[in-house]
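Visitor: Dumping the structure here so I can ask a few things about it.
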Amino acid sequence: MTGNKEDYLKIIYELGGESKKVSNKEIAEGLGISPPSVSEMVKKLLKEGYVEYTSYQGVSLTEAGLKEAMKIRKRHLLWEVFLAEKLGYDIEDIHEEAEKLEHITSPKLEEHLDRFLNYPEFCPHGSRIRFKEEEN
């Protein structure tokens, strides 16, 4: 999956696409891009089974889309913890760096990072990292 597709899934999730329809306008604003670009990507994500789309109502995540979005978000939040706690980044700077790192993180690296950080529950901003199905 491309980093671009990951960004779309993550923003749809963050806008509530797990439980409601999210408009193309909201996605465009969230990503800082044009609505026509959103329409094109939504078509691709629909074809790949990551979203459901209803005309004039918006998109929501399918089970597969939700699973991917949650994985992407977890990687992002783990990097935020690492950057703040282990490298001493200012909290204002960690989001931008984590945005880059989330896309190049393999599952194996994510697993090692999670273990190295002692399985944190929250990121420095207070967002929950663990999802119910992951808790032991």
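Letters A, B, ... mark the chains of the structure tokens in the order given; residue numbers begin at 1 per chain; ligand numbers begin at 1, in order shown.
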Please extract the residues of range 13-117 of chain A with a backbone DSSP assignment of helix (DSSP H, G or I) and present them as a PyMOL selection string.
Guide: chain A and resi 13-14+24-31+35-47+63-86+91-104+107-116
Visitor: Tell me, as a PyMOL selection string, which residues lie within 8 Å of Glu121 in chain A, counting only C-alpha atoms; anything in the same chain fewer than 4 positions away does not count.
Guide: chain A and resi 128-130
Visitor: Considering only C-alpha atoms, state which residue in the set A:Phe122, A:Tyr13, A:Tyr8, A:Phe116 is at the smallest distance from Glu80 in chain A.
Guide: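 Among the listed residues, the smallest separation from Glu80 in chain A belongs to A:Phe122.
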Visitor: Would you pick out the contacts of range 101-110 of chain A at 7 Å or less, using only C-alpha atoms, so that residues sharing its chain but fewer than 3 positions from it are not included, and give the list as a count of residues only?
Guide: 8
Visitor: Which residue, A:Thr2, A:Leu66, A:Ser60, A:Pro124, has the smallest gap to Asp90 in chain A when you use only C-alpha atoms?
Guide: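 Smallest separation from Asp90 in chain A among the options: A:Pro124.
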Visitor: Using Å and a single decimal, report how far CA of Lys67 in chain A sits from CA of Tyr50 in chain A.
Guide: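 For CA of Tyr50 in chain A relative to CA of Lys67 in chain A, the distance reads 9.1 Å.
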